[in-house]
file data21.pdb (PDB, C-alpha atoms and all ligand atoms)
ATOM      1  CA  MET D   1     -33.077 -28.361  33.356
ATOM      2  CA  SER D   2     -35.972 -29.282  35.692
ATOM      3  CA  GLU D   3     -39.511 -29.867  34.493
ATOM      4  CA  LEU D   4     -41.898 -26.929  34.842
ATOM      5  CA  ILE D   5     -45.376 -27.727  36.147
ATOM      6  CA  LEU D   6     -48.037 -25.035  36.155
ATOM      7  CA  THR D   7     -51.088 -25.597  38.358
ATOM      8  CA  THR D   8     -54.472 -24.022  37.779
ATOM      9  CA  PHE D   9     -58.072 -24.865  38.679
ATOM     10  CA  ASP D  10     -59.780 -27.859  37.089
ATOM     11  CA  TRP D  11     -62.778 -25.694  36.240
ATOM     12  CA  VAL D  12     -64.002 -22.112  36.663
ATOM     13  CA  PRO D  13     -67.305 -20.416  35.716
ATOM     14  CA  GLU D  14     -67.596 -18.948  32.201
ATOM     15  CA  MET D  15     -66.991 -15.305  33.188
ATOM     16  CA  PRO D  16     -63.288 -15.430  34.190
ATOM     17  CA  ARG D  17     -62.220 -17.833  31.449
ATOM     18  CA  GLY D  18     -59.375 -16.390  29.445
ATOM     19  CA  PHE D  19     -58.482 -14.168  32.428
ATOM     20  CA  VAL D  20     -57.484 -16.679  35.128
ATOM     21  CA  ARG D  21     -53.943 -15.759  36.068
ATOM     22  CA  ASP D  22     -52.355 -18.944  34.883
ATOM     23  CA  VAL D  23     -52.662 -17.220  31.489
ATOM     24  CA  ARG D  24     -49.820 -14.882  32.489
ATOM     25  CA  VAL D  25     -47.594 -17.811  33.262
ATOM     26  CA  ARG D  26     -48.593 -19.726  30.125
ATOM     27  CA  TRP D  27     -47.884 -16.589  28.098
ATOM     28  CA  ALA D  28     -44.387 -16.171  29.564
ATOM     29  CA  LEU D  29     -43.596 -19.864  29.090
ATOM     30  CA  GLU D  30     -44.764 -19.711  25.479
ATOM     31  CA  GLU D  31     -42.732 -16.556  24.764
ATOM     32  CA  ALA D  32     -39.630 -18.189  26.211
ATOM     33  CA  GLY D  33     -40.273 -21.534  24.513
ATOM     34  CA  LEU D  34     -39.857 -23.312  27.852
ATOM     35  CA  PRO D  35     -41.571 -26.723  27.908
ATOM     36  CA  TYR D  36     -44.152 -27.163  30.679
ATOM     37  CA  ARG D  37     -47.022 -29.280  31.815
ATOM     38  CA  VAL D  38     -50.338 -28.114  33.279
ATOM     39  CA  GLU D  39     -51.930 -29.755  36.309
ATOM     40  CA  SER D  40     -55.293 -29.042  37.903
ATOM     41  CA  VAL D  41     -56.615 -28.677  41.419
ATOM     42  CA  PRO D  42     -60.306 -28.692  42.322
ATOM     43  CA  PHE D  43     -61.985 -25.303  42.156
ATOM     44  CA  ARG D  44     -64.712 -26.353  44.568
ATOM     45  CA  ASP D  45     -62.845 -28.408  47.122
ATOM     46  CA  ARG D  46     -59.497 -26.850  48.065
ATOM     47  CA  GLY D  47     -57.597 -29.181  50.333
ATOM     48  CA  PRO D  48     -54.483 -28.853  52.512
ATOM     49  CA  SER D  49     -52.124 -29.770  49.676
ATOM     50  CA  HIS D  50     -53.514 -26.812  47.660
ATOM     51  CA  PHE D  51     -52.891 -24.445  50.599
ATOM     52  CA  ALA D  52     -49.408 -25.894  51.017
ATOM     53  CA  HIS D  53     -48.569 -24.458  47.582
ATOM     54  CA  GLN D  54     -50.766 -21.349  47.586
ATOM     55  CA  PRO D  55     -51.577 -20.117  51.105
ATOM     56  CA  PHE D  56     -54.619 -18.101  49.939
ATOM     57  CA  GLY D  57     -56.187 -21.112  48.233
ATOM     58  CA  GLN D  58     -55.776 -19.455  44.829
ATOM     59  CA  VAL D  59     -54.039 -20.293  41.553
ATOM     60  CA  PRO D  60     -51.624 -20.281  39.838
ATOM     61  CA  TRP D  61     -48.462 -21.790  41.180
ATOM     62  CA  LEU D  62     -45.425 -23.122  39.389
ATOM     63  CA  ILE D  63     -43.160 -26.005  40.291
ATOM     64  CA  ASP D  64     -39.615 -25.774  38.986
ATOM     65  CA  GLY D  65     -37.671 -28.774  40.293
ATOM     66  CA  ASP D  66     -37.680 -28.476  44.068
ATOM     67  CA  VAL D  67     -38.987 -24.899  43.999
ATOM     68  CA  SER D  68     -42.731 -24.237  44.321
ATOM     69  CA  LEU D  69     -43.735 -20.629  43.703
ATOM     70  CA  PHE D  70     -47.050 -18.809  44.063
ATOM     71  CA  GLU D  71     -47.963 -15.199  43.071
ATOM     72  CA  SER D  72     -48.037 -14.621  39.330
ATOM     73  CA  GLY D  73     -45.579 -11.717  39.676
ATOM     74  CA  ALA D  74     -43.035 -13.851  41.550
ATOM     75  CA  ILE D  75     -43.491 -16.636  39.016
ATOM     76  CA  LEU D  76     -42.856 -14.294  36.092
ATOM     77  CA  LEU D  77     -39.820 -12.820  37.807
ATOM     78  CA  HIS D  78     -38.518 -16.357  38.355
ATOM     79  CA  LEU D  79     -39.055 -17.197  34.684
ATOM     80  CA  GLY D  80     -37.389 -13.919  33.748
ATOM     81  CA  HIS D  81     -34.294 -15.152  35.537
ATOM     82  CA  ARG D  82     -34.466 -18.365  33.516
ATOM     83  CA  SER D  83     -34.879 -16.823  30.111
ATOM     84  CA  GLU D  84     -33.287 -13.767  28.569
ATOM     85  CA  VAL D  85     -36.203 -13.636  26.145
ATOM     86  CA  LEU D  86     -38.313 -12.572  29.129
ATOM     87  CA  MET D  87     -35.859 -10.362  31.008
ATOM     88  CA  PRO D  88     -32.523  -8.892  29.906
ATOM     89  CA  VAL D  89     -29.405  -9.765  31.906
ATOM     90  CA  GLU D  90     -27.631  -6.437  31.502
ATOM     91  CA  PRO D  91     -28.002  -4.844  34.980
ATOM     92  CA  ARG D  92     -29.527  -1.504  33.963
ATOM     93  CA  ALA D  93     -32.017  -3.096  31.581
ATOM     94  CA  ARG D  94     -32.855  -5.779  34.151
ATOM     95  CA  ALA D  95     -33.489  -3.158  36.848
ATOM     96  CA  GLU D  96     -35.746  -1.261  34.458
ATOM     97  CA  THR D  97     -37.715  -4.416  33.688
ATOM     98  CA  MET D  98     -38.106  -5.157  37.384
ATOM     99  CA  GLU D  99     -39.409  -1.697  38.191
ATOM    100  CA  TRP D 100     -42.064  -2.089  35.502
ATOM    101  CA  ILE D 101     -43.023  -5.517  36.832
ATOM    102  CA  PHE D 102     -43.746  -3.896  40.184
ATOM    103  CA  ALA D 103     -45.422  -0.891  38.563
ATOM    104  CA  ALA D 104     -47.823  -3.226  36.759
ATOM    105  CA  LEU D 105     -48.710  -5.028  39.963
ATOM    106  CA  ASN D 106     -48.355  -2.421  42.642
ATOM    107  CA  SER D 107     -49.342   0.805  40.894
ATOM    108  CA  VAL D 108     -51.739  -0.234  38.126
ATOM    109  CA  GLU D 109     -53.251  -3.534  39.232
ATOM    110  CA  MET D 110     -53.672  -2.073  42.703
ATOM    111  CA  ALA D 111     -56.206   0.306  41.104
ATOM    112  CA  SER D 112     -57.593  -1.960  38.386
ATOM    113  CA  LEU D 113     -58.381  -4.919  40.616
ATOM    114  CA  PRO D 114     -60.947  -3.261  42.926
ATOM    115  CA  TRP D 115     -62.367  -1.485  39.844
ATOM    116  CA  GLY D 116     -62.690  -4.801  38.022
ATOM    117  CA  LEU D 117     -64.276  -6.499  41.028
ATOM    118  CA  LEU D 118     -66.936  -3.791  41.255
ATOM    119  CA  LYS D 119     -67.593  -4.037  37.510
ATOM    120  CA  PHE D 120     -67.667  -7.812  37.727
ATOM    121  CA  SER D 121     -70.251  -7.754  40.524
ATOM    122  CA  ASP D 122     -72.234  -4.950  38.884
ATOM    123  CA  ALA D 123     -71.719  -2.786  41.986
ATOM    124  CA  THR D 124     -70.694   0.426  40.247
ATOM    125  CA  GLY D 125     -73.810   2.521  41.079
ATOM    126  CA  ASP D 126     -73.717   6.202  42.056
ATOM    127  CA  GLY D 127     -72.131   5.796  45.481
ATOM    128  CA  PRO D 128     -68.913   7.471  46.702
ATOM    129  CA  GLY D 129     -67.166   4.089  46.886
ATOM    130  CA  TRP D 130     -67.389   3.550  43.136
ATOM    131  CA  ALA D 131     -66.492   7.182  42.348
ATOM    132  CA  PHE D 132     -63.371   6.868  44.501
ATOM    133  CA  ILE D 133     -62.229   3.579  42.951
ATOM    134  CA  ASP D 134     -62.999   4.799  39.430
ATOM    135  CA  GLY D 135     -61.098   8.047  40.048
ATOM    136  CA  PHE D 136     -58.125   6.094  41.403
ATOM    137  CA  LEU D 137     -57.965   3.985  38.229
ATOM    138  CA  GLN D 138     -58.492   6.960  35.867
ATOM    139  CA  ALA D 139     -55.475   8.696  37.444
ATOM    140  CA  ARG D 140     -53.306   5.652  36.831
ATOM    141  CA  LEU D 141     -54.557   5.299  33.238
ATOM    142  CA  ARG D 142     -53.870   8.959  32.488
ATOM    143  CA  HIS D 143     -50.259   8.393  33.529
ATOM    144  CA  MET D 144     -50.065   5.167  31.525
ATOM    145  CA  GLU D 145     -51.280   7.050  28.468
ATOM    146  CA  THR D 146     -48.362   9.501  28.858
ATOM    147  CA  ILE D 147     -45.897   6.688  29.530
ATOM    148  CA  LEU D 148     -46.932   4.801  26.402
ATOM    149  CA  ALA D 149     -46.692   7.821  24.103
ATOM    150  CA  GLY D 150     -43.943   7.077  21.602
ATOM    151  CA  ARG D 151     -43.024   3.665  22.929
ATOM    152  CA  GLU D 152     -43.903   0.239  21.764
ATOM    153  CA  TRP D 153     -43.111  -1.561  25.033
ATOM    154  CA  LEU D 154     -42.390  -0.454  28.599
ATOM    155  CA  THR D 155     -38.657  -0.884  28.115
ATOM    156  CA  ASP D 156     -36.472  -1.069  25.021
ATOM    157  CA  ARG D 157     -37.969  -4.405  24.024
ATOM    158  CA  PHE D 158     -40.847  -6.714  24.929
ATOM    159  CA  SER D 159     -40.328  -8.318  28.343
ATOM    160  CA  VAL D 160     -42.083 -10.046  31.166
ATOM    161  CA  ALA D 161     -43.096  -6.593  32.445
ATOM    162  CA  ASP D 162     -45.242  -6.160  29.314
ATOM    163  CA  ILE D 163     -46.918  -9.511  29.946
ATOM    164  CA  LEU D 164     -47.990  -8.290  33.374
ATOM    165  CA  MET D 165     -48.941  -4.756  32.357
ATOM    166  CA  ALA D 166     -50.879  -5.885  29.282
ATOM    167  CA  ASP D 167     -52.696  -8.562  31.261
ATOM    168  CA  VAL D 168     -53.618  -6.015  33.939
ATOM    169  CA  LEU D 169     -54.904  -3.523  31.346
ATOM    170  CA  ARG D 170     -56.698  -6.261  29.409
ATOM    171  CA  LEU D 171     -59.121  -6.739  32.288
ATOM    172  CA  VAL D 172     -59.923  -3.006  32.247
ATOM    173  CA  ASP D 173     -60.446  -3.195  28.488
ATOM    174  CA  ARG D 174     -62.835  -6.099  28.938
ATOM    175  CA  PHE D 175     -65.206  -3.689  30.693
ATOM    176  CA  ASP D 176     -64.507  -0.980  28.094
ATOM    177  CA  GLY D 177     -62.441   0.977  30.603
ATOM    178  CA  LEU D 178     -59.805   1.944  28.022
ATOM    179  CA  ALA D 179     -62.214   3.735  25.671
ATOM    180  CA  SER D 180     -60.704   7.129  26.586
ATOM    181  CA  TYR D 181     -57.126   5.809  26.556
ATOM    182  CA  PRO D 182     -56.238   4.947  22.944
ATOM    183  CA  LEU D 183     -52.532   4.380  23.607
ATOM    184  CA  CYS D 184     -53.280   1.945  26.441
ATOM    185  CA  ARG D 185     -55.774   0.165  24.223
ATOM    186  CA  ALA D 186     -53.329  -0.030  21.310
ATOM    187  CA  TYR D 187     -50.646  -1.376  23.681
ATOM    188  CA  VAL D 188     -53.002  -4.130  24.863
ATOM    189  CA  GLY D 189     -53.838  -4.883  21.222
ATOM    190  CA  ARG D 190     -50.136  -5.135  20.296
ATOM    191  CA  ALA D 191     -49.346  -7.398  23.230
ATOM    192  CA  THR D 192     -52.339  -9.673  22.843
ATOM    193  CA  SER D 193     -51.805 -10.157  19.120
ATOM    194  CA  ARG D 194     -48.530 -11.933  19.897
ATOM    195  CA  PRO D 195     -48.788 -15.643  19.021
ATOM    196  CA  ALA D 196     -47.612 -16.627  22.528
ATOM    197  CA  PHE D 197     -50.536 -14.807  24.123
ATOM    198  CA  GLU D 198     -53.033 -16.196  21.620
ATOM    199  CA  LYS D 199     -51.846 -19.729  22.360
ATOM    200  CA  ALA D 200     -51.841 -19.166  26.129
ATOM    201  CA  ARG D 201     -55.394 -17.852  26.110
ATOM    202  CA  ALA D 202     -56.675 -20.542  23.741
ATOM    203  CA  ASP D 203     -55.044 -23.253  25.863
ATOM    204  CA  GLN D 204     -56.647 -21.906  29.029
ATOM    205  CA  ILE D 205     -60.064 -21.768  27.397
ATOM    206  CA  ALA D 206     -59.620 -25.312  26.043
ATOM    207  CA  HIS D 207     -58.577 -26.512  29.512
ATOM    208  CA  PHE D 208     -61.820 -25.289  31.102
ATOM    209  CA  ALA D 209     -63.948 -26.415  28.139
ATOM    210  CA  ALA D 210     -62.535 -29.940  28.565
ATOM    211  CA  ALA D 211     -63.694 -29.801  32.193
ATOM    212  CA  ASP D 212     -67.225 -28.866  31.031
ATOM    213  CA  ARG D 213     -67.268 -31.875  28.721
ATOM    214  CA  LYS D 214     -66.081 -34.170  31.496
ATOM    215  CA  ILE D 215     -68.777 -32.863  33.870
ATOM    216  CA  SER D 216     -71.524 -33.431  31.284
ATOM    217  CA  ARG D 217     -70.243 -37.017  30.663
ATOM    218  CA  ASP D 218     -70.110 -37.946  34.391
TER     219      ASP D 218
HETATM  220  N1  LIG W 301     -51.959 -12.163  43.661
HETATM  221  C1  LIG W 301     -52.280 -13.482  43.147
HETATM  222  C2  LIG W 301     -53.761 -13.521  42.886
HETATM  223  C3  LIG W 301     -54.182 -14.870  42.382
HETATM  224  C4  LIG W 301     -55.663 -14.868  42.051
HETATM  225  O1  LIG W 301     -56.388 -13.851  42.224
HETATM  226  N2  LIG W 301     -56.121 -16.020  41.576
HETATM  227  C5  LIG W 301     -57.525 -16.179  41.261
HETATM  228  C6  LIG W 301     -57.683 -16.711  39.853
HETATM  229  S1  LIG W 301     -57.193 -15.455  38.708
HETATM  230  C7  LIG W 301     -58.102 -17.222  42.208
HETATM  231  O2  LIG W 301     -57.470 -18.202  42.511
HETATM  232  N3  LIG W 301     -59.344 -16.966  42.632
HETATM  233  C8  LIG W 301     -60.036 -17.841  43.502
HETATM  234  C9  LIG W 301     -60.115 -17.314  44.891
HETATM  235  O3  LIG W 301     -59.607 -16.237  45.178
HETATM  236  O4  LIG W 301     -60.731 -18.012  45.717
HETATM  237  C10 LIG W 301     -51.470 -13.771  41.871
HETATM  238  O5  LIG W 301     -51.239 -12.827  41.104
HETATM  239  O6  LIG W 301     -51.078 -14.931  41.644
END
call {"tool": "encode", "arguments": {"input": "data21.pdb", "output": "structure tokens"}}
result
Amino acid sequence: MSELILTTFDWVPEMPRGFVRDVRVRWALEEAGLPYRVESVPFRDRGPSHFAHQPFGQVPWLIDGDVSLFESGAILLHLGHRSEVLMPVEPRARAETMEWIFAALNSVEMASLPWGLLKFSDATGDGPGWAFIDGFLQARLRHMETILAGREWLTDRFSVADILMADVLRLVDRFDGLASYPLCRAYVGRATSRPAFEKARADQIAHFAAADRKISRD
């Protein structure tokens, strides 16, 4: 089996630490018990070799033998194909997992990302732009609250779809956006109390803290 190499930034500011998307990939790798190595690329100076792997100059990407993959969703789908722990092989269950992967990214994160960016930049204000984005997210969360009633995970058992959905909702929770959605909040709590998530997050934070120490030494 080929070596898995996950690439993230060498350093990021304090605010996004714990939320940089390599955490999704670390989490999946930890759940599956797949060995991997983490490499870094400069945050400040993104060269052609970075863009050769990630055409938007972002992170993460994953190298699996002669395959290099960007987009956290594509990476998690790829890992799901490698490990049954992450995605069932039975066709109906696999299809269900895949639809929830896309729902996390294309229905929920599509609303949570602009909302999070406005919160992050303190641009919420009273304007119609914020009201529209907030309303868009609230509609999605109301549906998520119904979806999560009576279920522990999105499908019959924990899967890569839960890693994506919980990570998407976690960012909303960071800005207290789940206060009116107790089932969404409990779901995030269940997912993030898994040892694989705790390790993934701690490892990411340690990675950036090591960069701080190196900067202060140099
Ligand atoms: N859709 C991409 C988004 C990746 C993304 O937003 N990466 C952030 C870190 S979490 C990044 O590289 N930000 C720096 C930038 O956009 O310049 C994915 O899910 O992999």
call {"tool": "residues_near_ligand", "arguments": {"input": "data21.pdb", "ligand": "ligand LIG 301 (chain W)", "cutoff": "7 Å", "atoms": "all atoms listed in the file", "output": "ChimeraX atom specification"}}
result
/D:19-21,57-60,70-73
call {"tool": "atom_distance", "arguments": {"input": "data21.pdb", "atom1": "atom CA of Glu152 of chain D", "atom2": "atom CA of Asp173 of chain D"}}
result
18.2 Å
call {"tool": "residues_around", "arguments": {"input": "data21.pdb", "residues": "Gly47 of chain D", "least_positions_apart": "5", "cutoff": "12 Å", "atoms": "only C-alpha atoms", "output": "ChimeraX atom specification"}}
result
/D:41-42,52-58
call {"tool": "atom_distance", "arguments": {"input": "data21.pdb", "atom1": "atom CA of Ile101 of chain D", "atom2": "atom CA of Ile163 of chain D"}}
result
8.9 Å
call {"tool": "residues_near_point", "arguments": {"input": "data21.pdb", "point": "(-65.1, -6.8, 33.3)", "cutoff": "7 Å", "atoms": "all atoms listed in the file", "output": "list of chain:residue names"}}
result
D:Gly116, D:Lys119, D:Phe120, D:Leu171, D:Val172, D:Arg174, D:Phe175
call {"tool": "residues_near_point", "arguments": {"input": "data21.pdb", "point": "(-48.2, -28.8, 29.1)", "cutoff": "10 Å", "atoms": "all atoms listed in the file", "output": "MDAnalysis selection string"}}
result
chainID D and resid 4:6 26 35:39 203
call {"tool": "atom_distance", "arguments": {"input": "data21.pdb", "atom1": "atom CA of Ile205 of chain D", "atom2": "atom CA of Leu154 of chain D"}}
result
27.7 Å
call {"tool": "residues_around", "arguments": {"input": "data21.pdb", "residues": "segment 178-182 of chain D", "least_positions_apart": "4", "cutoff": "9 Å", "atoms": "all atoms listed in the file", "output": "PDB file with C-alpha atoms, in the coordinates of the input"}}
result
ATOM      1  CA  LEU D 141     -54.557   5.299  33.238  1.00  0.00           C
ATOM      2  CA  ARG D 142     -53.870   8.959  32.488  1.00  0.00           C
ATOM      3  CA  MET D 144     -50.065   5.167  31.525  1.00  0.00           C
ATOM      4  CA  GLU D 145     -51.280   7.050  28.468  1.00  0.00           C
ATOM      5  CA  LEU D 169     -54.904  -3.523  31.346  1.00  0.00           C
ATOM      6  CA  ARG D 170     -56.698  -6.261  29.409  1.00  0.00           C
ATOM      7  CA  VAL D 172     -59.923  -3.006  32.247  1.00  0.00           C
ATOM      8  CA  ASP D 173     -60.446  -3.195  28.488  1.00  0.00           C
ATOM      9  CA  ARG D 174     -62.835  -6.099  28.938  1.00  0.00           C
ATOM     10  CA  ALA D 186     -53.329  -0.030  21.310  1.00  0.00           C
ATOM     11  CA  TYR D 187     -50.646  -1.376  23.681  1.00  0.00           C
TER      12      TYR D 187
END
call {"tool": "resolve_selection", "arguments": {"input": "data21.pdb", "expression": "the PyMOL selection byres (((chain D and resi 103) around 12) and not hetatm)", "output": "PyMOL selection string"}}
result
chain D and resi 73+96-102+104-111+140+143-144+147+154+161-162+164-166+168
call {"tool": "resolve_selection", "arguments": {"input": "data21.pdb", "expression": "the PyMOL selection byres (((chain D and resi 115) around 8) and not hetatm)", "output": "list in words"}}
result
Ala111, Ser112, Leu113, Pro114, Gly116, Leu117, Leu118, Lys119, Trp130, Ile133, Asp134 and Leu137 of chain D
call {"tool": "closest_residue", "arguments": {"input": "data21.pdb", "among": "D:Asp122, D:Glu84, D:Glu90, D:Glu3", "to": "Glu31 of chain D", "atoms": "only C-alpha atoms"}}
result
D:Glu84
call {"tool": "axis_aligned_box", "arguments": {"input": "data21.pdb", "around": "segment 88-101 of chain D", "padding_each_side": "8 Å", "output": "AutoDock Vina command-line options"}}
result
--center_x -35.3 --center_y -5.5 --center_z 34.0 --size_x 31.4 --size_y 24.5 --size_z 24.3
call {"tool": "closest_residue", "arguments": {"input": "data21.pdb", "among": "D:Arg92, D:Arg213, D:His81, D:His50", "to": "Ala28 of chain D", "atoms": "all atoms listed in the file"}}
result
D:His81
call {"tool": "resolve_selection", "arguments": {"input": "data21.pdb", "expression": "the PyMOL selection byres (((chain D and resi 202) around 12) and not hetatm)", "output": "list in words"}}
result
Arg17, Gly18, Phe19, Val23, Arg26, Trp27, Thr192, Pro195, Ala196, Phe197, Glu198, Lys199, Ala200, Arg201, Asp203, Gln204, Ile205, Ala206, His207, Phe208 and Ala209 of chain D
call {"tool": "closest_residue", "arguments": {"input": "data21.pdb", "among": "D:Ser121, D:Thr146, D:Thr155, D:Ser40", "to": "Pro88 of chain D", "atoms": "only C-alpha atoms"}}
result
D:Thr155
